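Engineer: Got a structure here, written out as structure tokens. Questions coming.
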Amino acid sequence: MSKFGFEEMQKIQEELQARYLELWGGLSPRKGRDTLLWTMIEAGEMADIIKKEGDEAIMEDAETRRHFIEEFCDTMMYLNDLLLCYSITPEDVEKIYLEKHKRNMNRW
């Protein structure tokens with residue numbers, strides 16, 4: 001299986017945003033505010049599946065699992081758009097993520 005990370009996700013999102021530039025209006029910090037709201041809505045759709053279908057269905061029912069993963073992917077797409085809106089690179093994410101991880105490993 002290939003390695004799939006933020007760099008690949010951002011390339012895909014840039015392609016999608018370019019295709020629908022006139023319809024969606026492009027990416028900018030101002031657009032980031034709306035993007036964050038859409039991200040939260042998609043995460044809420046994931047929560048709805050957990051609430052209505054349950055953990056067991058996500059783990060064992062193929063259709064429910066696929067639906068949950070699809071909503072997760074929608075959330076990730078909006079998160080990547082948010083990074084693009086604020087010109088945050090995969091390298092920026094990696095650096096801060098690893099710093100945060102190190103702090104968390106020594107927190108308690």
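Simple scheme: letters A, B, ... for chains in structure tokens order, numbers from 1 for residues in each chain, numbers from 1 for ligands in the order shown.
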Please provide the set of residues having any atom within 10 Å of Ile69 of chain A, restricted to only C-alpha atoms, with same-chain residues fewer than 6 positions apart removed, written as a list in words.
Structural biologist: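 Once the nearby chain positions are removed, what remains is Met46, Ile58, Glu63 and Thr75 of chain A.
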Engineer: I need the residues from that last selection saved to file as a tab-separated table (two decimals), in the first residue's frame (with C-alpha atoms), if you can.
Structural biologist:
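Saved file part.tsv follows:
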chain	number	residue	atom	x	y	z
A	46	MET	CA	-19.49	11.09	12.12
A	58	ILE	CA	-18.91	0.66	12.64
A	63	GLU	CA	-22.06	-0.48	4.95
A	75	THR	CA	-13.79	15.91	7.57
Engineer: Mind the document's chain letters and residue numbers, and return as a PyMOL selection string the residues of chain A that DSSP labels helix (DSSP H, G or I).
Structural biologist: chain A and resi 6-19+21-24+29-53+55-60+62-85+90-105
Engineer: Pick out the residues sitting within 10 Å of segment 30-32 of chain A, and hand them over as a list in words; count only C-alpha atoms, and ignore anything fewer than 2 positions along from it in its own chain.
Structural biologist: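 Contacts, with the query itself left out: Trp24, Gly25, Gly26, Leu27, Ser28, Asp34, Thr35, Leu36, Leu37, Trp38, Tyr78, Leu79, Asp81, Leu82, Leu83, Leu84, Cys85 and Tyr86 of chain A.
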Engineer: Emit the selected residues as a PDB file, in the first residue's frame, including C-alpha atoms.
Structural biologist:
ATOM      1  CA  TRP A  24     -16.495  28.020  -4.358  1.00  0.00           C
ATOM      2  CA  GLY A  25     -14.487  31.266  -4.419  1.00  0.00           C
ATOM      3  CA  GLY A  26     -10.997  29.932  -3.708  1.00  0.00           C
ATOM      4  CA  LEU A  27      -9.054  29.624  -0.493  1.00  0.00           C
ATOM      5  CA  SER A  28      -8.115  32.430   1.881  1.00  0.00           C
ATOM      6  CA  ASP A  34     -16.462  28.973   6.761  1.00  0.00           C
ATOM      7  CA  THR A  35     -14.279  25.937   6.157  1.00  0.00           C
ATOM      8  CA  LEU A  36     -13.893  25.377   9.899  1.00  0.00           C
ATOM      9  CA  LEU A  37     -17.687  25.401  10.282  1.00  0.00           C
ATOM     10  CA  TRP A  38     -18.075  22.854   7.478  1.00  0.00           C
ATOM     11  CA  TYR A  78     -12.173  20.223   4.966  1.00  0.00           C
ATOM     12  CA  LEU A  79      -9.249  20.111   7.400  1.00  0.00           C
ATOM     13  CA  ASP A  81      -8.739  23.020   2.879  1.00  0.00           C
ATOM     14  CA  LEU A  82      -8.371  24.834   6.196  1.00  0.00           C
ATOM     15  CA  LEU A  83      -4.609  24.265   6.114  1.00  0.00           C
ATOM     16  CA  LEU A  84      -4.522  25.617   2.572  1.00  0.00           C
ATOM     17  CA  CYS A  85      -6.614  28.658   3.548  1.00  0.00           C
ATOM     18  CA  TYR A  86      -3.983  29.634   6.095  1.00  0.00           C
TER      19      TYR A  86
END
Engineer: Can you pull out the residues contacting Lys11 of chain A? Cut-off 12 Å, using only C-alpha atoms, and skip same-chain residues under 2 positions away; I want them as JSON, numbers by chain.
Structural biologist: {"A": [4, 5, 6, 7, 8, 9, 13, 14, 15, 16, 17, 18, 77, 80, 81, 83, 84, 89, 90]}
Engineer: What's the 12 Å shell around Asp48 of chain A, counting only C-alpha atoms, without same-chain residues fewer than 2 positions away, as JSON, numbers by chain?
Structural biologist: {"A": [41, 42, 43, 44, 45, 46, 50, 51, 52, 53, 54, 55, 58, 64, 67, 68, 71, 72]}
Engineer: Restricting the output to N, CA, C and O atoms, write the selected residues as a PDB file, in the first residue's frame.
Structural biologist:
ATOM      1  N   ILE A  41     -19.317  20.413  10.951  1.00  0.00           N
ATOM      2  CA  ILE A  41     -20.551  19.755  10.517  1.00  0.00           C
ATOM      3  C   ILE A  41     -20.256  18.322  10.077  1.00  0.00           C
ATOM      4  O   ILE A  41     -20.983  17.386  10.433  1.00  0.00           O
ATOM      5  N   GLU A  42     -19.184  18.141   9.319  1.00  0.00           N
ATOM      6  CA  GLU A  42     -18.821  16.785   8.877  1.00  0.00           C
ATOM      7  C   GLU A  42     -18.447  15.908  10.061  1.00  0.00           C
ATOM      8  O   GLU A  42     -18.831  14.733  10.120  1.00  0.00           O
ATOM      9  N   ALA A  43     -17.724  16.456  11.034  1.00  0.00           N
ATOM     10  CA  ALA A  43     -17.396  15.692  12.243  1.00  0.00           C
ATOM     11  C   ALA A  43     -18.678  15.327  12.995  1.00  0.00           C
ATOM     12  O   ALA A  43     -18.786  14.229  13.554  1.00  0.00           O
ATOM     13  N   GLY A  44     -19.655  16.232  12.970  1.00  0.00           N
ATOM     14  CA  GLY A  44     -20.952  15.947  13.585  1.00  0.00           C
ATOM     15  C   GLY A  44     -21.658  14.793  12.891  1.00  0.00           C
ATOM     16  O   GLY A  44     -22.354  14.000  13.542  1.00  0.00           O
ATOM     17  N   GLU A  45     -21.495  14.686  11.587  1.00  0.00           N
ATOM     18  CA  GLU A  45     -22.088  13.563  10.860  1.00  0.00           C
ATOM     19  C   GLU A  45     -21.442  12.247  11.286  1.00  0.00           C
ATOM     20  O   GLU A  45     -22.118  11.211  11.374  1.00  0.00           O
ATOM     21  N   MET A  46     -20.149  12.279  11.578  1.00  0.00           N
ATOM     22  CA  MET A  46     -19.491  11.087  12.124  1.00  0.00           C
ATOM     23  C   MET A  46     -20.093  10.740  13.485  1.00  0.00           C
ATOM     24  O   MET A  46     -20.376   9.570  13.767  1.00  0.00           O
ATOM     25  N   ILE A  50     -22.065   7.283  15.044  1.00  0.00           N
ATOM     26  CA  ILE A  50     -21.748   6.616  16.313  1.00  0.00           C
ATOM     27  C   ILE A  50     -22.996   6.539  17.180  1.00  0.00           C
ATOM     28  O   ILE A  50     -23.322   5.483  17.748  1.00  0.00           O
ATOM     29  N   LYS A  51     -23.714   7.650  17.275  1.00  0.00           N
ATOM     30  CA  LYS A  51     -24.911   7.712  18.124  1.00  0.00           C
ATOM     31  C   LYS A  51     -26.021   6.785  17.623  1.00  0.00           C
ATOM     32  O   LYS A  51     -26.634   6.056  18.395  1.00  0.00           O
ATOM     33  N   LYS A  52     -26.286   6.828  16.321  1.00  0.00           N
ATOM     34  CA  LYS A  52     -27.434   6.099  15.777  1.00  0.00           C
ATOM     35  C   LYS A  52     -27.143   4.641  15.459  1.00  0.00           C
ATOM     36  O   LYS A  52     -28.023   3.789  15.584  1.00  0.00           O
ATOM     37  N   GLU A  53     -25.916   4.351  15.023  1.00  0.00           N
ATOM     38  CA  GLU A  53     -25.585   2.985  14.599  1.00  0.00           C
ATOM     39  C   GLU A  53     -24.778   2.226  15.649  1.00  0.00           C
ATOM     40  O   GLU A  53     -24.874   1.009  15.727  1.00  0.00           O
ATOM     41  N   GLY A  54     -23.958   2.950  16.414  1.00  0.00           N
ATOM     42  CA  GLY A  54     -23.165   2.327  17.471  1.00  0.00           C
ATOM     43  C   GLY A  54     -21.795   1.871  17.021  1.00  0.00           C
ATOM     44  O   GLY A  54     -21.525   1.695  15.826  1.00  0.00           O
ATOM     45  N   ASP A  55     -20.950   1.700  18.006  1.00  0.00           N
ATOM     46  CA  ASP A  55     -19.568   1.287  17.744  1.00  0.00           C
ATOM     47  C   ASP A  55     -19.492  -0.067  17.056  1.00  0.00           C
ATOM     48  O   ASP A  55     -18.690  -0.268  16.142  1.00  0.00           O
ATOM     49  N   ILE A  58     -20.054   0.075  13.360  1.00  0.00           N
ATOM     50  CA  ILE A  58     -18.909   0.660  12.643  1.00  0.00           C
ATOM     51  C   ILE A  58     -17.806  -0.381  12.482  1.00  0.00           C
ATOM     52  O   ILE A  58     -17.138  -0.429  11.450  1.00  0.00           O
ATOM     53  N   THR A  64     -22.151   0.393   7.217  1.00  0.00           N
ATOM     54  CA  THR A  64     -22.005   1.424   8.250  1.00  0.00           C
ATOM     55  C   THR A  64     -20.559   1.889   8.334  1.00  0.00           C
ATOM     56  O   THR A  64     -20.286   3.085   8.439  1.00  0.00           O
ATOM     57  N   HIS A  67     -19.747   4.160   5.428  1.00  0.00           N
ATOM     58  CA  HIS A  67     -20.370   5.468   5.623  1.00  0.00           C
ATOM     59  C   HIS A  67     -19.577   6.289   6.637  1.00  0.00           C
ATOM     60  O   HIS A  67     -19.324   7.477   6.432  1.00  0.00           O
ATOM     61  N   PHE A  68     -19.163   5.675   7.740  1.00  0.00           N
ATOM     62  CA  PHE A  68     -18.372   6.359   8.765  1.00  0.00           C
ATOM     63  C   PHE A  68     -17.041   6.844   8.187  1.00  0.00           C
ATOM     64  O   PHE A  68     -16.639   7.994   8.392  1.00  0.00           O
ATOM     65  N   GLU A  71     -17.527   9.858   5.911  1.00  0.00           N
ATOM     66  CA  GLU A  71     -17.682  11.109   6.663  1.00  0.00           C
ATOM     67  C   GLU A  71     -16.344  11.553   7.265  1.00  0.00           C
ATOM     68  O   GLU A  71     -16.046  12.740   7.327  1.00  0.00           O
ATOM     69  N   PHE A  72     -15.534  10.593   7.688  1.00  0.00           N
ATOM     70  CA  PHE A  72     -14.187  10.911   8.158  1.00  0.00           C
ATOM     71  C   PHE A  72     -13.380  11.571   7.044  1.00  0.00           C
ATOM     72  O   PHE A  72     -12.693  12.569   7.263  1.00  0.00           O
TER      73      PHE A  72
END
